[in-house]
Each structure stands twice: as structure tokens, then as C-alpha cells.
Protein chains: 2
Amino acid sequence: MKDPGPRWLSPDEQSTWREAIEAWQWLLAAVDAQLQRDSGMPLAYYEILVRLSEAPDHSLRMTQLAEASSSSKSRVSHAVARLEERGWVRRMDCPTDRRGQIATLTDQGFDALSAAAPGHVEQVRQVLFDALTPEQLRQLDGISAAIQAKAAASPTDAEGCPAA
Amino acid sequence: MKDPGPRWLSPDEQSTWREAIEAWQWLLAAVDAQLQRDSGMPLAYYEILVRLSEAPDHSLRMTQLAEASSSSKSRVSHAVARLEERGWVRRMDCPTDRRGQIATLTDQGFDALSAAAPGHVEQVRQVLFDALTPEQLRQLDGISAAIQAKAAASPTDAEGCPAA
DNA sequence: CTAGTGTTGTCAAGCGTTCAACTATTCCAG
DNA sequence: CTGGAATAGTTGAACGCTTGACAACACTAG
């Protein structure tokens, strides 16, 4: 074995990692739980509704919606099916590409989003913005950007890797 | 309506929030995916094995294990049942409290953990430590601590709230 | 001893996610 | 125009997680 062994984490690194992962796991769970409790939807659904509400005509192709939500087509397909059952989203055939489906936010869906938003925003304030100083928020921007740079460079989320 | 309306997020805040949530969702998913792919276990299971490996006699009461993993008893109960199926953990009756169950890491479980650790550590380095500067890592410590302070103060994870 | 109360852990049902086919359509080469 | 490859999206099964109900047990008071 020439392998010098894995580059183990130092105690400091170990602490940094554990604190960070615990903090963000908790934060994501807290935000998700609030939405689930007060509005009956998981964070993933809320994000889908937001993406649609920001799109022209409140409409997006399924694939675009999946990309915007950084999730898989299958997941979005199932999710939209459930949102459709609730009357929050409608699916239509795409006029230009007959393979395509267009998901559209209904008025009812827009109302549901509007109703959920204030509580959600308040929760985000409580767990993030009220917890951190302006200085820390600036620092967080840099950290997020650095991680996202890794994410973009990594093959982890490459669904259709073009480098084949 | 006297309500001045929710304290909406400013564009800057909105950006901070979205970047952060996206970055950490990705990071957690990337770490989980690596473990699942290379060692056939989700991050939650890995964390349980780590907690056990750090405990005296590689053993913990189920409740202690749940607290150490910051998850619910039910979740831990299910997880340990599956780990037991794989032969990584054994459950025994507690000699001093006959209600209790003690989860013990088996030798096989310790081996599985040892086999999984190097790849996991390497992945953590890639997505976190290699992405951030030493300065940013220090900043992250402060941010994590601030969020955890909120977590501790919040009733979100209070299973048995003593303030009743 | 017996009843009441709180704790410990498990079990069953329902929901959401992922993975692996599968259908339908478009694109492109010959 | 035809056949094959790529693309768009859906579907069903298996899996893990969460919730609420529940059984077993410990502790305390009468």
C-alpha cells in the first residue's frame, strides 16, 4: 500500500464540518416544517410554485422547471401531478413540440403561494437573518458562492453529461 | 388590516437566502450521494455508526443515540433495525432498565465504517474544505454557531418541551 | 400490592423520492 | 422517405422517512 492514507480531518476541521452540517440540516428542516405545518406543503413544492410564479405567463416547460428547481424530471413530474390534484398547477400540451408539457400556475395556486409566503418569509428571517450579523451575511454570500462554484464544476448534478 | 404586511426580503436578502439554501442543499446531497454510491449507506446511517463508534463500548441507549444524532426515536429505531439486518449493529436488553435497549456496533459494523470513512472524508474535503479559504472556514464557524444558537432556543426540536 | 403517571421503544399507514423501464416525438444521416 | 439515435415526459416499484397509536416497563403514592 503506497497510499499515504486518507487526509483525515484535523480536530478543528472535524468541528467545523460537524457544526456546519448540523446547523444547516436543522435550518432546512425548520423551514420545511414551518411550511408543512402552516401551509400543508413541503419546501420543494413551495419552490416549484415560486419558480412558476416568476416565469412569463406563470408557465414553464417541465424540463425547464426541473432545472430551475435543481431536481430530476421524475421528481418534478410526480410533484406536478400532486400539485395538479390540489388544483394549484395545470398541465397543457406544448404547441410547438408535441413531446412537451407546459406547467402553468393556476389562480388558485397563486393564491396558495400568496397565503404561504408571509409565514415562510418570517420563518426565514427568524432562522437566518435574525441570527446573523450583517457582516456574517456578507460572509455567507462568499461561502455560498464558493460552494456553488464547486457544485457547478462537479459532475454530481450532471444529468446529461455532454462530455461523453 | 392593521398588519403592516410581512417583512419581505429585500433583493439582497433574497439572493443571500437562495444562494445559501441552494449551496447547502447541494452540499448535503453530494455528501449523501457519495456515501450511498461508494458504501451503500445514506449519511444518516453513517452518522449513527460514527456516534456508536465514539461511545464507550461502542454502545448507546436508543434514546441517547437519538439525541446524539439529533433525530427522533422512531427514526433511529427504524434505522437501527436496518443496520441490524446488515449485521452492523446489535441490539441488547439493558441490564439496569428493562425498558431499555442498547445498540452496539458490531466488529463488522466497525469495519464497514472504517471502509466508508476515507471516501467520505475525501468528499467532505472536496465540497467544503477545498472550496473555502481558511478565512472563510473561520467565518463559517461563527455562522454555524449563530444558527445553532437559534436552533437551541427554538421549540422546533423540543420533543418533550419541559416548559409545559 | 395496586393504581396512576411518565418513559422507552416498536409498529403500521401514508407520503415523497429515486431508479429503471417505457411511450411518444423530434432530429439527422443516408 | 426510412431507420436509428436522442429528447421529453410519464409510470410503477422499492425504499426511506414521519406521524400517531400502542405495548411494555419503571417509578411513586396510597
# chains A, B, ... in the order shown; residues from 1 in each chain; ligands from 1

call {"tool": "closest_atom_pairs", "arguments": {"of": "chain B", "to": "chain C", "cutoff": "9 Å", "atoms": "only C-alpha atoms (C1' of nucleotides)", "output": "CSV"}}
result
residue,atom,partner,partner_atom,distance
B:Met62,CA,C:DG9,C1',8.1
B:Thr63,CA,C:DT8,C1',7.9
B:Lys73,CA,C:DG9,C1',7.7
B:Ser74,CA,C:DG9,C1',8.0
B:Ser77,CA,C:DG9,C1',7.4
B:His78,CA,C:DT10,C1',8.9
B:Arg99,CA,C:DT8,C1',5.8
B:Gly100,CA,C:DT8,C1',6.2
B:Gln101,CA,C:DG9,C1',7.8

call {"tool": "write_last_selection", "arguments": {"atoms": "N, CA and C atoms", "output": "PDB file, in the first residue's frame"}}
result
ATOM      1  N   MET B  62     -30.854   3.594  23.091  1.00  0.00           N
ATOM      2  CA  MET B  62     -31.524   4.115  21.898  1.00  0.00           C
ATOM      3  C   MET B  62     -31.815   5.610  22.025  1.00  0.00           C
ATOM      4  N   THR B  63     -32.298   6.016  23.170  1.00  0.00           N
ATOM      5  CA  THR B  63     -32.627   7.425  23.356  1.00  0.00           C
ATOM      6  C   THR B  63     -31.390   8.313  23.248  1.00  0.00           C
ATOM      7  N   LYS B  73     -36.756   9.325  17.983  1.00  0.00           N
ATOM      8  CA  LYS B  73     -36.621   7.940  18.412  1.00  0.00           C
ATOM      9  C   LYS B  73     -37.105   6.988  17.334  1.00  0.00           C
ATOM     10  N   SER B  74     -38.208   7.352  16.745  1.00  0.00           N
ATOM     11  CA  SER B  74     -38.770   6.481  15.718  1.00  0.00           C
ATOM     12  C   SER B  74     -37.784   6.284  14.571  1.00  0.00           C
ATOM     13  N   SER B  77     -34.996   4.135  15.655  1.00  0.00           N
ATOM     14  CA  SER B  77     -35.456   2.761  15.811  1.00  0.00           C
ATOM     15  C   SER B  77     -35.484   2.047  14.457  1.00  0.00           C
ATOM     16  N   HIS B  78     -36.043   2.714  13.465  1.00  0.00           N
ATOM     17  CA  HIS B  78     -36.080   2.130  12.120  1.00  0.00           C
ATOM     18  C   HIS B  78     -34.676   1.948  11.564  1.00  0.00           C
ATOM     19  N   ARG B  99     -36.783  -1.583  30.397  1.00  0.00           N
ATOM     20  CA  ARG B  99     -37.476  -0.985  29.249  1.00  0.00           C
ATOM     21  C   ARG B  99     -36.486  -0.749  28.109  1.00  0.00           C
ATOM     22  N   GLY B 100     -35.243  -0.545  28.496  1.00  0.00           N
ATOM     23  CA  GLY B 100     -34.270  -0.010  27.564  1.00  0.00           C
ATOM     24  C   GLY B 100     -33.658  -1.013  26.606  1.00  0.00           C
ATOM     25  N   GLN B 101     -33.198  -0.491  25.487  1.00  0.00           N
ATOM     26  CA  GLN B 101     -32.440  -1.272  24.516  1.00  0.00           C
ATOM     27  C   GLN B 101     -31.086  -0.598  24.325  1.00  0.00           C
TER      28      GLN B 101
END

call {"tool": "interface_residues", "arguments": {"of": "chain D", "to": "chain A", "cutoff": "9 Å", "atoms": "only C-alpha atoms (C1' of nucleotides)", "output": "ChimeraX atom specification"}}
result
/D:7-10

call {"tool": "write_last_selection", "arguments": {"atoms": "N, CA and C atoms (P, O5', C5', C4', C3', O3' and C1' of nucleotides)", "output": "compact mmCIF listing (two decimals), in the first residue's frame"}}
result
# COMPACT_ATOMS: atom_id res chain seq x y z
P DT D 7 -29.77 14.39 -26.47
O5' DT D 7 -31.32 14.70 -26.34
C5' DT D 7 -31.96 15.48 -27.34
C4' DT D 7 -33.44 15.57 -27.04
C3' DT D 7 -33.77 15.91 -25.58
O3' DT D 7 -34.65 17.02 -25.58
C1' DT D 7 -35.03 14.06 -26.31
P DA D 8 -35.11 17.70 -24.23
O5' DA D 8 -36.56 17.05 -24.04
C5' DA D 8 -37.59 17.35 -24.97
C4' DA D 8 -38.93 16.95 -24.42
C3' DA D 8 -39.10 17.23 -22.92
O3' DA D 8 -40.36 17.84 -22.69
C1' DA D 8 -39.41 14.91 -23.36
P DG D 9 -40.65 18.41 -21.20
O5' DG D 9 -41.40 17.18 -20.53
C5' DG D 9 -42.57 16.67 -21.19
C4' DG D 9 -42.90 15.30 -20.67
C3' DG D 9 -43.10 15.20 -19.16
O3' DG D 9 -44.50 15.22 -18.90
C1' DG D 9 -42.01 13.26 -20.10
P DT D 10 -45.06 14.85 -17.46
O5' DT D 10 -45.21 13.27 -17.52
C5' DT D 10 -45.95 12.69 -18.60
C4' DT D 10 -46.03 11.18 -18.42
C3' DT D 10 -46.61 10.72 -17.09
O3' DT D 10 -47.66 9.80 -17.37
C1' DT D 10 -44.55 9.61 -17.53

call {"tool": "closest_residue", "arguments": {"among": "A:Trp17, A:Trp88, A:Trp26, A:Trp8", "to": "Arg138 in chain B", "atoms": "only C-alpha atoms"}}
result
A:Trp17

call {"tool": "interface_residues", "arguments": {"of": "chain A", "to": "chain B", "cutoff": "9 Å", "atoms": "only C-alpha atoms", "output": "number ranges by chain"}}
result
A: 5-9, 13, 15-17, 19-28, 30, 33, 70, 117-119, 121-122, 124-132, 136-151, 156-157

call {"tool": "atom_distance", "arguments": {"atom1": "C1' of DA5 in chain D", "atom2": "CA of Gln64 in chain A"}}
result
22.6 Å

call {"tool": "select_by_dssp", "arguments": {"residues": "range 31-157 of chain B", "states": "alpha helix (DSSP H)", "output": "PyMOL selection string"}}
result
chain B and resi 31-39+43-54+62-68+73-85+107-124+134-153

call {"tool": "select_by_dssp", "arguments": {"residues": "range 70-102 of chain A", "states": "strand (DSSP E or B)", "output": "mmCIF file with C-alpha atoms, in the first residue's frame"}}
result
data_model
loop_
_atom_site.group_PDB
_atom_site.id
_atom_site.type_symbol
_atom_site.label_atom_id
_atom_site.label_comp_id
_atom_site.auth_asym_id
_atom_site.auth_seq_id
_atom_site.Cartn_x
_atom_site.Cartn_y
_atom_site.Cartn_z
ATOM 1 C CA VAL A 89 -50.979 23.771 -11.307
ATOM 2 C CA ARG A 90 -52.364 22.783 -14.696
ATOM 3 C CA ARG A 91 -50.567 20.847 -17.412
ATOM 4 C CA MET A 92 -51.022 21.586 -21.101
ATOM 5 C CA ASP A 93 -49.590 20.266 -24.314
ATOM 6 C CA GLN A 101 -45.760 19.600 -21.463
ATOM 7 C CA ILE A 102 -46.207 23.063 -20.051
#

call {"tool": "atom_distance", "arguments": {"atom1": "CA of Ala153 in chain A", "atom2": "CA of Ser71 in chain A"}}
result
17.2 Å

call {"tool": "atom_distance", "arguments": {"atom1": "CA of His58 in chain A", "atom2": "CA of Ala103 in chain A"}}
result
8.3 Å
